[in-house]
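Dumped target-v3.cif below, it's mmCIF, C-alpha atoms:
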data_work
#
loop_
_atom_site.label_atom_id
_atom_site.label_comp_id
_atom_site.auth_asym_id
_atom_site.auth_seq_id
_atom_site.Cartn_x
_atom_site.Cartn_y
_atom_site.Cartn_z
CA MET R 293 200.14 3.22 -34.80
CA TYR R 294 201.01 -0.44 -35.25
CA HIS R 295 201.98 -2.56 -32.24
CA PHE R 296 203.97 -5.78 -32.48
CA HIS R 297 203.82 -8.71 -30.09
CA ARG R 298 205.45 -12.10 -29.65
CA LYS R 299 204.64 -15.36 -27.89
CA GLU R 300 205.96 -18.91 -27.86
CA GLY R 301 203.87 -21.11 -30.14
CA SER R 302 202.95 -23.56 -27.40
CA ARG R 303 201.62 -20.69 -25.22
CA VAL R 304 199.25 -19.18 -27.79
CA GLY R 305 195.70 -19.28 -26.42
CA SER R 306 192.42 -20.07 -28.14
CA ALA R 307 191.28 -16.43 -28.49
CA LEU R 308 194.46 -15.47 -30.34
CA ILE R 309 194.26 -18.58 -32.51
CA ALA R 310 190.69 -17.65 -33.46
CA GLU R 311 191.91 -14.21 -34.61
CA MET R 312 194.66 -15.87 -36.65
CA SER R 313 192.14 -18.19 -38.27
CA GLU R 314 189.90 -15.30 -39.26
CA LEU R 315 192.75 -13.21 -40.65
CA TYR R 316 194.16 -16.12 -42.63
CA SER R 317 190.79 -17.21 -44.01
CA TYR R 318 189.89 -13.78 -45.39
CA HIS R 319 193.25 -12.32 -46.33
CA TYR R 320 195.68 -15.07 -47.32
CA GLY R 321 194.44 -15.79 -50.83
CA GLY R 322 192.15 -17.99 -52.93
CA TRP R 323 192.30 -21.43 -54.47
CA GLY R 324 193.37 -21.64 -58.12
CA PRO R 325 191.63 -23.75 -60.82
CA GLU R 326 193.44 -26.89 -59.63
CA GLY R 327 192.96 -26.17 -55.94
CA ALA R 328 190.74 -27.88 -53.40
CA LYS R 329 187.91 -25.33 -53.79
CA PRO R 330 188.52 -23.33 -57.00
CA GLY R 331 187.65 -19.65 -56.69
CA GLN R 332 187.06 -19.77 -52.92
CA SER R 333 189.21 -18.32 -50.16
CA ILE R 334 191.79 -20.61 -48.63
CA LYS R 335 190.73 -21.12 -45.03
CA LEU R 336 192.27 -22.61 -41.93
CA SER R 337 190.22 -23.50 -38.87
CA PRO R 338 191.47 -22.70 -35.35
CA GLU R 339 192.27 -26.40 -34.94
CA GLN R 340 194.42 -26.36 -38.08
CA ILE R 341 196.18 -23.19 -36.96
CA LYS R 342 196.97 -24.75 -33.59
CA LYS R 343 198.70 -27.69 -35.29
CA ARG R 344 201.00 -25.19 -37.00
CA LEU R 345 202.23 -23.88 -33.63
CA PRO R 346 204.40 -26.75 -32.40
CA GLU R 347 206.79 -26.69 -29.47
CA GLY R 348 209.76 -24.54 -30.39
CA SER R 349 207.82 -22.24 -32.72
CA PHE R 350 207.19 -18.52 -32.25
CA LEU R 351 204.26 -16.32 -33.14
CA VAL R 352 204.65 -12.61 -33.85
CA TRP R 353 201.63 -10.48 -34.68
CA ALA R 354 200.76 -6.88 -35.42
CA THR R 355 197.74 -4.98 -34.17
CA ALA R 356 196.16 -1.69 -35.16
CA PHE R 357 193.38 -0.16 -33.03
CA GLY R 358 193.27 -3.39 -31.05
CA SER R 359 192.73 -5.72 -34.02
CA MET R 360 195.18 -8.21 -35.51
CA ILE R 361 196.31 -7.07 -38.96
CA GLY R 362 199.16 -9.50 -39.61
CA TYR R 363 201.07 -12.42 -38.15
CA ALA R 364 203.97 -14.76 -38.82
CA ILE R 365 204.84 -18.15 -37.38
CA ALA R 366 208.53 -19.03 -37.24
CA ILE R 367 210.88 -21.70 -36.04
CA HIS R 368 214.44 -21.11 -34.87
CA THR R 369 216.55 -24.18 -35.41
CA GLN R 370 220.15 -25.25 -35.91
CA LEU R 371 221.86 -26.29 -39.13
CA PRO R 372 224.75 -28.46 -37.92
CA GLY R 373 228.12 -26.97 -38.73
CA LEU R 374 226.63 -23.76 -40.15
CA GLY R 375 224.56 -22.00 -37.50
CA ASN R 376 221.04 -20.88 -36.62
CA VAL R 377 218.24 -20.70 -39.16
CA ALA R 378 215.00 -18.75 -38.84
CA TRP R 379 212.27 -20.28 -41.03
CA ILE R 380 208.92 -18.55 -41.45
CA THR R 381 206.28 -21.26 -41.76
CA GLN R 382 203.21 -19.03 -42.11
CA PHE R 383 202.90 -15.34 -42.97
CA VAL R 384 199.72 -13.29 -43.45
CA VAL R 385 199.05 -9.54 -43.66
CA HIS R 386 195.60 -7.93 -43.92
CA LYS R 387 194.91 -6.71 -47.48
CA ASP R 388 194.39 -3.13 -46.29
CA HIS R 389 197.78 -3.01 -44.56
CA ARG R 390 200.07 -4.32 -47.29
CA LYS R 391 202.80 -2.30 -48.98
CA VAL R 392 203.33 -0.16 -45.85
CA ASP R 393 206.09 -2.37 -44.41
CA VAL R 394 203.96 -4.15 -41.82
CA GLY R 395 205.36 -7.43 -43.17
CA ARG R 396 208.94 -6.24 -42.91
CA SER R 397 208.42 -5.10 -39.33
CA LEU R 398 206.76 -8.40 -38.41
CA LEU R 399 209.70 -10.40 -39.72
CA PHE R 400 212.25 -8.06 -38.20
CA SER R 401 210.59 -8.44 -34.81
CA ILE R 402 211.39 -12.17 -35.03
CA TRP R 403 215.15 -11.91 -35.59
CA LYS R 404 215.97 -8.21 -35.06
CA PHE R 405 219.74 -7.68 -35.58
CA SER R 406 220.53 -11.37 -35.15
CA ASP R 407 223.62 -13.02 -36.59
CA PHE R 408 221.81 -16.14 -37.81
CA PHE R 409 223.32 -18.16 -40.62
CA ALA R 410 220.16 -17.89 -42.72
CA TRP R 411 216.60 -16.57 -42.74
CA GLY R 412 213.90 -17.79 -45.10
CA LEU R 413 210.44 -18.86 -46.14
CA LEU R 414 208.49 -20.57 -48.90
CA SER R 415 205.87 -18.38 -50.53
CA ALA R 416 203.95 -17.71 -53.75
CA ASN R 417 203.61 -14.05 -52.75
CA PRO R 418 206.27 -11.59 -54.04
CA TYR R 419 205.45 -9.15 -51.25
CA ALA R 420 206.42 -11.78 -48.66
CA ILE R 421 209.78 -12.25 -50.40
CA ARG R 422 210.40 -8.49 -50.39
CA ALA R 423 209.47 -8.33 -46.69
CA LEU R 424 212.11 -11.00 -46.01
CA GLU R 425 214.71 -9.03 -47.95
CA LYS R 426 213.88 -5.75 -46.20
CA ALA R 427 213.87 -7.32 -42.74
CA THR R 428 217.23 -9.05 -43.24
CA ARG R 429 218.71 -6.25 -45.41
CA ARG R 430 219.82 -8.79 -47.99
CA ARG R 431 218.67 -9.91 -51.45
CA CYS R 432 217.66 -13.46 -52.28
CA GLN R 433 220.36 -14.95 -54.54
CA PRO R 434 219.40 -18.28 -56.14
CA LYS R 435 223.05 -19.27 -56.64
CA LEU R 436 223.68 -18.95 -52.90
CA ILE R 437 220.42 -20.73 -52.06
CA GLU R 438 221.53 -23.56 -54.39
CA LYS R 439 224.78 -23.91 -52.43
CA TYR R 440 222.89 -24.79 -49.25
CA ALA R 441 219.68 -26.18 -50.78
CA ASN R 442 220.11 -29.79 -49.67
CA GLU R 443 220.83 -28.84 -46.05
CA LEU R 444 217.99 -26.31 -45.89
CA LEU R 445 215.38 -28.59 -47.46
CA ALA R 446 216.42 -31.48 -45.21
CA LEU R 447 215.91 -29.11 -42.29
CA GLY R 448 212.51 -28.17 -43.65
CA GLU R 449 211.46 -31.80 -43.96
CA ARG R 450 212.01 -32.19 -40.22
CA HIS R 451 210.41 -28.97 -39.03
CA VAL R 452 207.99 -27.60 -41.66
CA HIS R 453 204.60 -29.30 -42.00
CA TYR R 454 204.14 -28.75 -45.76
CA LEU R 455 207.48 -30.24 -46.82
CA GLY R 456 208.10 -33.95 -47.23
CA HIS R 457 210.56 -36.33 -48.84
CA SER R 458 208.49 -36.53 -52.04
CA LYS R 459 208.67 -32.80 -52.83
CA LYS R 460 210.36 -31.69 -56.03
CA PHE R 461 212.49 -28.56 -56.25
CA VAL R 462 214.30 -26.54 -58.89
CA ILE R 463 217.09 -24.43 -57.42
CA ASN R 464 219.91 -23.10 -59.57
CA GLU R 465 221.59 -19.78 -60.31
CA HIS R 466 218.49 -18.48 -62.15
CA GLU R 467 215.52 -19.79 -60.12
CA SER R 468 214.56 -21.16 -56.75
CA ARG R 469 211.26 -22.94 -56.17
CA VAL R 470 209.76 -25.98 -54.45
CA ASP R 471 206.73 -28.05 -55.43
CA THR R 472 204.50 -27.90 -52.34
CA ALA R 473 201.30 -28.84 -54.23
CA PHE R 474 199.74 -25.66 -52.86
CA ASN R 475 197.47 -24.58 -55.71
CA ILE R 476 196.87 -20.95 -54.80
CA ASP R 477 195.29 -18.59 -57.33
CA HIS R 478 197.91 -16.86 -59.52
CA SER R 479 195.59 -14.39 -61.26
CA GLU R 480 197.14 -11.39 -59.45
CA LEU R 481 200.71 -12.68 -59.52
CA ARG R 482 201.86 -10.67 -62.55
CA GLU R 483 200.57 -7.41 -61.07
CA MET R 484 202.20 -8.21 -57.72
CA LEU R 485 205.53 -8.90 -59.43
CA ASN R 486 205.30 -5.62 -61.33
CA ASN R 487 204.65 -3.76 -58.08
CA ALA R 488 207.51 -5.52 -56.32
CA THR R 489 210.21 -4.95 -58.95
CA ASN R 490 212.03 -2.08 -60.63
CA ASP R 491 215.44 -1.45 -62.18
CA GLU R 492 217.08 -1.42 -58.77
CA LYS R 493 215.16 -4.46 -57.50
CA PRO R 494 214.95 -7.08 -60.28
CA TRP R 495 213.16 -10.34 -59.59
CA THR R 496 215.80 -13.03 -59.04
CA LEU R 497 213.85 -16.19 -58.16
CA GLY R 498 212.46 -17.01 -61.61
CA ALA R 499 208.95 -17.93 -62.76
CA LEU R 500 206.44 -19.80 -60.61
CA PRO R 501 204.24 -22.64 -61.92
CA ILE R 502 200.93 -23.27 -60.16
CA GLY R 503 201.36 -25.54 -57.15
CA TRP R 504 204.91 -24.34 -56.52
CA GLU R 505 206.31 -21.78 -54.06
CA TRP R 506 209.47 -19.74 -54.22
CA CYS R 507 212.23 -20.95 -51.91
CA ALA R 508 213.53 -17.65 -50.56
CA PHE R 509 216.51 -17.45 -48.21
CA THR R 510 219.02 -14.78 -47.31
CA PHE R 511 222.33 -15.43 -45.58
CA HIS R 512 224.48 -13.67 -43.03
CA CYS R 513 227.50 -13.75 -45.36
CA GLN R 514 225.74 -11.52 -47.93
CA ALA R 515 226.35 -7.83 -48.46
CA GLN R 516 223.73 -5.73 -46.69
CA ILE R 517 221.27 -3.34 -48.28
CA PRO R 518 221.80 0.23 -46.96
CA LEU R 519 218.89 1.45 -44.83
CA ALA R 520 217.36 4.89 -44.89
CA VAL R 521 217.33 6.53 -41.45
CA LYS R 522 213.52 6.34 -41.32
CA GLU R 523 213.60 2.61 -42.15
CA LEU R 524 216.08 1.99 -39.36
CA GLU R 525 214.04 3.97 -36.85
CA ASP R 526 210.91 2.02 -37.78
CA MET R 527 212.75 -1.27 -37.30
CA LEU R 528 214.09 -0.25 -33.90
CA LEU R 529 210.61 0.80 -32.77
CA ALA R 530 208.80 -2.13 -34.38
CA SER R 531 208.45 -4.54 -31.52
CA ASP R 532 207.53 -4.27 -27.85
CA ASP R 533 209.11 -7.69 -27.66
CA ILE R 534 212.59 -6.14 -27.80
CA THR R 535 211.97 -4.58 -24.40
CA LYS R 536 209.73 -7.29 -22.97
CA GLN R 537 212.11 -10.15 -23.79
CA ALA R 538 215.04 -8.23 -22.28
CA TYR R 539 213.21 -7.83 -18.96
CA SER R 540 212.04 -11.44 -19.02
CA ARG R 541 215.62 -12.65 -19.39
CA MET R 542 216.78 -10.38 -16.58
CA GLN R 543 214.23 -11.43 -13.95
CA PRO R 544 215.76 -14.80 -12.95
CA GLN R 545 219.10 -13.03 -12.32
CA TRP R 546 217.81 -9.98 -10.41
CA LYS R 547 218.33 -11.38 -6.92
CA SER R 548 222.08 -11.72 -7.59
CA HIS R 549 222.52 -8.15 -8.89
CA ARG R 550 223.80 -5.54 -6.48
CA TRP R 551 221.40 -2.89 -7.77
CA ALA R 552 218.51 -5.12 -6.67
CA GLN R 553 219.73 -5.26 -3.06
CA TYR R 554 218.81 -1.71 -2.10
CA ALA R 555 215.02 -2.06 -2.06
CA LYS R 556 214.69 -1.69 1.72
CA GLU R 557 216.72 1.55 1.79
CA GLU R 558 214.91 2.92 -1.27
CA VAL R 559 211.52 2.25 0.30
CA GLU R 560 212.63 4.01 3.49
CA PHE R 561 213.72 7.02 1.38
CA ILE R 562 210.29 7.14 -0.30
CA ARG R 563 208.45 6.90 3.02
CA ARG R 564 210.57 9.63 4.59
CA TYR R 565 210.18 12.16 1.80
CA SER R 566 206.56 11.49 0.87
CA GLY R 567 205.18 11.36 4.40
CA VAL R 568 202.52 8.89 3.20
CA PRO R 569 201.48 6.91 6.28
CA SER R 570 201.50 3.17 6.66
CA GLY R 571 198.20 1.66 5.52
CA SER R 572 198.00 3.91 2.45
CA SER R 573 197.57 2.50 -1.06
CA VAL R 574 200.57 2.25 -3.38
CA LEU R 575 200.78 1.55 -7.14
CA ASP R 576 204.13 0.11 -8.30
CA PHE R 577 204.41 0.58 -12.08
CA GLY R 578 206.94 -1.75 -13.71
CA CYS R 579 207.45 -3.77 -10.53
CA GLY R 580 209.85 -6.32 -12.05
CA ASP R 581 210.57 -8.92 -9.39
CA GLY R 582 208.35 -7.07 -6.91
CA ARG R 583 211.10 -6.19 -4.47
CA HIS R 584 209.81 -2.65 -3.72
CA ALA R 585 206.20 -3.83 -3.55
CA ILE R 586 207.11 -6.55 -1.07
CA GLU R 587 209.13 -4.16 1.13
CA LEU R 588 206.25 -1.67 1.15
CA ALA R 589 203.80 -4.42 2.08
CA LYS R 590 206.06 -5.49 4.96
CA VAL R 591 205.69 -2.06 6.56
CA GLY R 592 201.92 -2.00 6.24
CA PHE R 593 201.10 -0.54 2.82
CA ASP R 594 198.35 -1.88 0.53
CA VAL R 595 200.24 -2.42 -2.75
CA THR R 596 199.23 -3.14 -6.34
CA ALA R 597 202.23 -4.07 -8.50
CA VAL R 598 202.06 -3.98 -12.32
CA ASP R 599 204.45 -5.58 -14.79
CA TYR R 600 204.12 -6.97 -18.30
CA ALA R 601 206.99 -9.46 -18.24
CA LYS R 602 205.09 -12.64 -17.53
CA GLU R 603 205.54 -15.43 -20.05
CA GLY R 604 208.25 -17.84 -18.95
CA ASP R 605 209.15 -15.88 -15.81
CA ASP R 606 209.58 -17.36 -12.38
CA THR R 607 206.47 -15.93 -10.74
CA SER R 608 206.58 -18.01 -7.56
CA TYR R 609 207.36 -14.89 -5.51
CA LYS R 610 203.98 -13.48 -6.58
CA SER R 611 202.07 -16.04 -4.57
CA PRO R 612 199.55 -14.36 -2.18
CA SER R 613 200.79 -16.63 0.62
CA ILE R 614 204.32 -15.23 0.27
CA CYS R 615 203.39 -11.54 0.08
CA PRO R 616 199.76 -11.13 1.25
CA GLY R 617 199.91 -7.33 1.16
CA VAL R 618 200.62 -7.19 -2.60
CA LYS R 619 198.20 -7.68 -5.48
CA PHE R 620 200.22 -8.48 -8.61
CA HIS R 621 198.66 -7.31 -11.86
CA HIS R 622 199.90 -8.45 -15.28
CA GLY R 623 199.62 -5.52 -17.67
CA ASP R 624 201.38 -2.93 -19.80
CA CYS R 625 202.07 0.25 -17.82
CA ARG R 626 201.16 2.34 -20.86
CA THR R 627 197.63 0.99 -21.16
CA THR R 628 196.62 -0.99 -18.06
CA GLU R 629 193.37 0.08 -16.40
CA ILE R 630 192.81 -0.37 -12.66
CA SER R 631 189.54 0.89 -11.17
CA LYS R 632 191.17 2.62 -8.23
CA LYS R 633 193.19 5.73 -7.39
CA TYR R 634 196.26 5.44 -5.16
CA ASP R 635 197.88 7.60 -2.50
CA LEU R 636 201.38 6.90 -3.78
CA GLY R 637 202.80 5.81 -7.13
CA ILE R 638 206.32 4.55 -7.79
CA CYS R 639 208.02 3.89 -11.11
CA LEU R 640 211.67 3.07 -10.46
CA TYR R 641 214.82 2.23 -12.35
CA ASP R 642 214.59 2.21 -16.16
CA VAL R 643 210.86 1.72 -16.67
CA VAL R 644 210.57 5.27 -17.99
CA GLY R 645 213.12 5.26 -20.77
CA SER R 646 212.59 1.66 -21.84
CA TYR R 647 211.39 2.83 -25.25
CA ALA R 648 213.40 4.65 -27.90
CA ASP R 649 210.22 6.53 -28.81
CA ASP R 650 209.59 9.19 -26.14
CA SER R 651 205.87 9.20 -26.90
CA ARG R 652 205.68 5.65 -25.51
CA ASN R 653 207.55 6.67 -22.37
CA LEU R 654 205.10 9.54 -21.99
CA GLU R 655 202.23 7.05 -22.14
CA ILE R 656 203.61 5.42 -18.98
CA LEU R 657 203.66 8.74 -17.13
CA LYS R 658 200.19 9.74 -18.28
CA ASN R 659 198.70 6.41 -17.26
CA LEU R 660 200.43 6.47 -13.87
CA SER R 661 199.23 9.99 -13.09
CA LYS R 662 195.68 8.98 -14.04
CA HIS R 663 195.74 6.38 -11.25
CA ILE R 664 196.98 8.74 -8.48
CA ALA R 665 194.50 10.44 -6.13
CA ASP R 666 194.42 14.22 -5.75
CA GLY R 667 197.19 15.24 -3.38
CA GLY R 668 199.01 11.97 -3.87
CA TYR R 669 202.70 11.48 -4.56
CA VAL R 670 204.71 9.90 -7.38
CA PHE R 671 208.34 8.81 -7.12
CA LEU R 672 210.15 8.05 -10.37
CA SER R 673 213.66 7.48 -11.53
CA VAL R 674 214.90 8.10 -15.08
CA MET R 675 218.26 7.11 -16.49
CA ASN R 676 220.67 10.02 -17.02
CA MET R 677 220.89 10.49 -20.79
CA GLU R 678 223.68 13.07 -20.63
CA LEU R 679 225.87 10.76 -18.55
CA THR R 680 225.09 7.83 -20.84
CA GLU R 681 226.06 9.82 -23.94
CA ARG R 682 229.31 11.00 -22.34
CA MET R 683 230.27 7.45 -21.39
CA ALA R 684 229.37 6.19 -24.87
CA GLN R 685 231.51 8.87 -26.54
CA ALA R 686 234.48 7.72 -24.52
CA GLN R 687 234.03 4.04 -25.34
CA ASN R 688 231.51 3.08 -28.03
CA TRP R 689 230.28 6.03 -30.07
CA PHE R 690 228.97 5.36 -33.57
CA SER R 691 226.15 6.29 -35.92
CA ILE R 692 223.49 3.60 -35.97
CA SER R 693 222.29 4.86 -39.35
CA VAL R 694 225.75 4.31 -40.83
CA ASP R 695 226.76 1.13 -39.01
CA PRO R 696 223.68 -0.56 -37.46
CA ASP R 697 225.44 -3.91 -37.11
CA LYS R 698 227.83 -2.32 -34.64
CA LEU R 699 225.07 -3.16 -32.15
CA LEU R 700 226.05 -6.82 -32.44
CA SER R 701 229.62 -6.19 -31.27
CA LEU R 702 228.95 -3.87 -28.34
CA PRO R 703 230.35 -5.35 -25.10
CA PRO R 704 227.76 -5.51 -22.31
CA SER R 705 228.21 -3.16 -19.37
CA LYS R 706 228.57 -4.68 -15.90
CA ILE R 707 227.99 -1.50 -13.87
CA MET R 708 224.54 -2.48 -12.63
CA GLU R 709 225.66 -5.98 -11.65
CA THR R 710 228.97 -5.09 -10.00
CA THR R 711 228.32 -1.79 -8.18
CA GLY R 712 224.56 -1.31 -8.19
CA ASP R 713 225.12 2.45 -8.56
CA VAL R 714 221.90 3.23 -10.37
CA PHE R 715 219.52 4.80 -7.85
CA ILE R 716 221.29 5.44 -4.56
CA ALA R 717 218.53 7.27 -2.73
CA PHE R 718 219.98 6.63 0.71
CA SER R 719 223.45 8.16 0.18
#

Could you render the structure from this file as structure tokens?
Amino acid sequence: MYHFHRKEGSRVGSALIAEMSELYSYHYGGWGPEGAKPGQSIKLSPEQIKKRLPEGSFLVWATAFGSMIGYAIAIHTQLPGLGNVAWITQFVVHKDHRKVDVGRSLLFSIWKFSDFFAWGLLSANPYAIRALEKATRRRCQPKLIEKYANELLALGERHVHYLGHSKKFVINEHESRVDTAFNIDHSELREMLNNATNDEKPWTLGALPIGWEWCAFTFHCQAQIPLAVKELEDMLLASDDITKQAYSRMQPQWKSHRWAQYAKEEVEFIRRYSGVPSGSSVLDFGCGDGRHAIELAKVGFDVTAVDYAKEGDDTSYKSPSICPGVKFHHGDCRTTEISKKYDLGICLYDVVGSYADDSRNLEILKNLSKHIADGGYVFLSVMNMELTERMAQAQNWFSISVDPDKLLSLPPSKIMETTGDVFIAFS
């Protein structure tokens, strides 16, 4: 199974950059006859990779069996008067994992079901263009690219390292390309084009001279390509970032939500019904802001609290001086390993159920049970699917396979913020 991850460009560490360098250097492509080192692989050192991760950029990457098998670097920026633009500035997929939609899933994990004005990249690889089209569910149309070419290329000159004022471009209703002086080997280009095209998917961007790259953009105003149900499911499951980013955005607001104000009563409920004495060890899986862990520590429990939402969060409450009885552990509840077994485990609110794929939710439960001592207790809460479906049928019921963009227009619910009626253990 592939796993997808995301991190701000400025926060990418040296170990991850080293993996990117290795993947790029062995799987991007080779220099052509007019290139810097004809016949050799095009390589980028870790130092060069780091320069391509400026402030404001994003890195998404895919792993299989713990190894990186693809990544993309992107910038999200604004085109004045038109809207947001997502520009992929570097895109690499391991040779053994191409043509199985890893690229599409990588790109989709960057913008998901966003309503950006445009999404695009420059590339001499037809598979990269097709990944863009699949991820955005739109076809590249040179005539439409021509309409916005000046604005897009001006944007690129400011934000994309390989574009400059001296670059030539040919963009009209029949072709779309930019002279980037990137002399990659074209010996496999014809075969790649043949593999990437058929009667239903003609190639629209024209021929490609050596040293040039296709200028490929799709736009929100375009008609969307229908998705097969399996394609849609894969896209929804593609990125852990969908869940992780949601929790990261929620954390700064938790203290003001009514559902977050019941921790003391919930902890008392757990103590009463488990009978686990003060001084026992507790494992809090998916601790969020740590409110249950802190309340448990206040009444004498030895608590380890696990959560994976870390980057960009306000973690000041995790200081040992503020809550000395809690050891905070950054990790994924599905896979984290702690060399200890606990008397009590808790996994509250919508930790179980965070994933659309039940097998991933099951991984949380299996890993939690593995960390509980014989005779120990586990308290969990799971959102009521039957109630959720009934409420949705009354207000917002639709088929995601027929109308996936309906997701963009769904009004947010305020139940959790206004009443807090999620897990009322003390009533």

To verify the selection step, state as a list in words which residues the PyMOL selection byres ((chain R and resi 387-396) around 6) yields on this input.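 This file gives the following for the PyMOL selection byres ((chain R and resi 387-396) around 6): His319, His386, Ser397, Leu398, Leu399, Ala423, Lys426 and Ala427 of chain R.
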
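Here the PyMOL selection byres ((chain R and resi 594) around 7) matches the residues Gly571, Ser572, Ser573, Val574, Ala589, Gly592, Phe593, Val595, Gly617 and Val618 of chain R.
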
Please produce an output containing C-alpha atoms for each residue in the selection, written as a short mmCIF file (atom, residue, chain, number, x, y, z; two decimals), keeping the file's coordinate frame.
data_model
loop_
_atom_site.label_atom_id
_atom_site.label_comp_id
_atom_site.auth_asym_id
_atom_site.auth_seq_id
_atom_site.Cartn_x
_atom_site.Cartn_y
_atom_site.Cartn_z
CA GLY R 571 198.20 1.66 5.52
CA SER R 572 198.00 3.91 2.45
CA SER R 573 197.57 2.50 -1.06
CA VAL R 574 200.57 2.25 -3.38
CA ALA R 589 203.80 -4.42 2.08
CA GLY R 592 201.92 -2.00 6.24
CA PHE R 593 201.10 -0.54 2.82
CA VAL R 595 200.24 -2.42 -2.75
CA GLY R 617 199.91 -7.33 1.16
CA VAL R 618 200.62 -7.19 -2.60
#

Hits from the PyMOL selection byres ((chain R and resi 585) around 7), listed as a PyMOL selection string: chain R and resi 576+582-584+586-589+595+597+618

Give as a list in words the set of residues within 12 Å of the point (193.5, -6.6, -33.4), where distances use the file's coordinates and all atoms listed in the file.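 It turns out the residues near that spot are Met293, Tyr294, His295, Phe296, His297, Ala307, Leu308, Ala310, Glu311, Met312, Glu314, Leu315, Trp353, Ala354, Thr355, Ala356, Phe357, Gly358, Ser359, Met360, Ile361, Gly362, Tyr363 and His386 of chain R.
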
Interatomic distance between CA of Ile421 (chain R) and CA of Ile463 (chain R)? 15.8 Å

Smallest atom-to-atom distance to Leu481 (chain R): which of R:Leu679, R:Ile638, R:Ala416, R:Leu444, using all atoms listed in the file? R:Ala416

Shell around region 334-349 of chain R at 6 Å using only C-alpha atoms, local window under 5 positions removed, as a list of chain:residue names: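 Residues near the query, excluding close chain neighbours: R:Gly301, R:Ser302, R:Ile309, R:Ala310, R:Ser313, R:Ser317, R:Gly321, R:Gly322, R:Trp323, R:Ala366, R:Ile367.
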
With distances taken over all atoms listed in the file, the candidate from R:Leu413, R:Ala515, R:Met683, R:Ile476 nearest Gly331 (chain R) is R:Ile476

Mind dumping region 476-491 of chain R from that block, keeping N, CA and C atoms, as a compact mmCIF listing (two decimals), in the first residue's frame?
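Output file result.txt is given in full below:
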# COMPACT_ATOMS: atom_id res chain seq x y z
N ILE R 476 17.17 17.48 -21.59
CA ILE R 476 16.96 16.10 -21.17
C ILE R 476 16.91 15.18 -22.38
N ASP R 477 17.28 13.93 -22.19
CA ASP R 477 17.27 12.93 -23.26
C ASP R 477 15.84 12.67 -23.75
N HIS R 478 15.64 12.71 -25.07
CA HIS R 478 14.33 12.49 -25.66
C HIS R 478 14.21 11.12 -26.33
N SER R 479 15.14 10.23 -26.11
CA SER R 479 15.15 8.97 -26.85
C SER R 479 13.92 8.10 -26.57
N GLU R 480 13.30 8.25 -25.40
CA GLU R 480 12.13 7.46 -25.05
C GLU R 480 10.83 8.25 -25.19
N LEU R 481 10.93 9.48 -25.69
CA LEU R 481 9.77 10.36 -25.72
C LEU R 481 8.65 9.81 -26.62
N ARG R 482 9.01 9.32 -27.80
CA ARG R 482 7.98 8.82 -28.71
C ARG R 482 7.20 7.65 -28.09
N GLU R 483 7.93 6.72 -27.47
CA GLU R 483 7.27 5.59 -26.82
C GLU R 483 6.36 6.06 -25.69
N MET R 484 6.83 7.04 -24.91
CA MET R 484 6.02 7.56 -23.80
C MET R 484 4.75 8.23 -24.32
N LEU R 485 4.88 8.97 -25.42
CA LEU R 485 3.69 9.61 -26.02
C LEU R 485 2.70 8.56 -26.51
N ASN R 486 3.22 7.50 -27.13
CA ASN R 486 2.33 6.43 -27.60
C ASN R 486 1.58 5.78 -26.44
N ASN R 487 2.28 5.59 -25.32
CA ASN R 487 1.66 4.97 -24.16
C ASN R 487 0.63 5.89 -23.50
N ALA R 488 0.84 7.20 -23.66
CA ALA R 488 0.00 8.17 -22.95
C ALA R 488 -1.18 8.65 -23.78
N THR R 489 -1.31 8.20 -25.03
CA THR R 489 -2.37 8.69 -25.89
C THR R 489 -3.18 7.54 -26.48
N ASN R 490 -4.42 7.84 -26.82
CA ASN R 490 -5.29 6.94 -27.57
C ASN R 490 -6.37 7.80 -28.22
N ASP R 491 -7.36 7.16 -28.83
CA ASP R 491 -8.39 7.92 -29.54
C ASP R 491 -9.18 8.83 -28.60
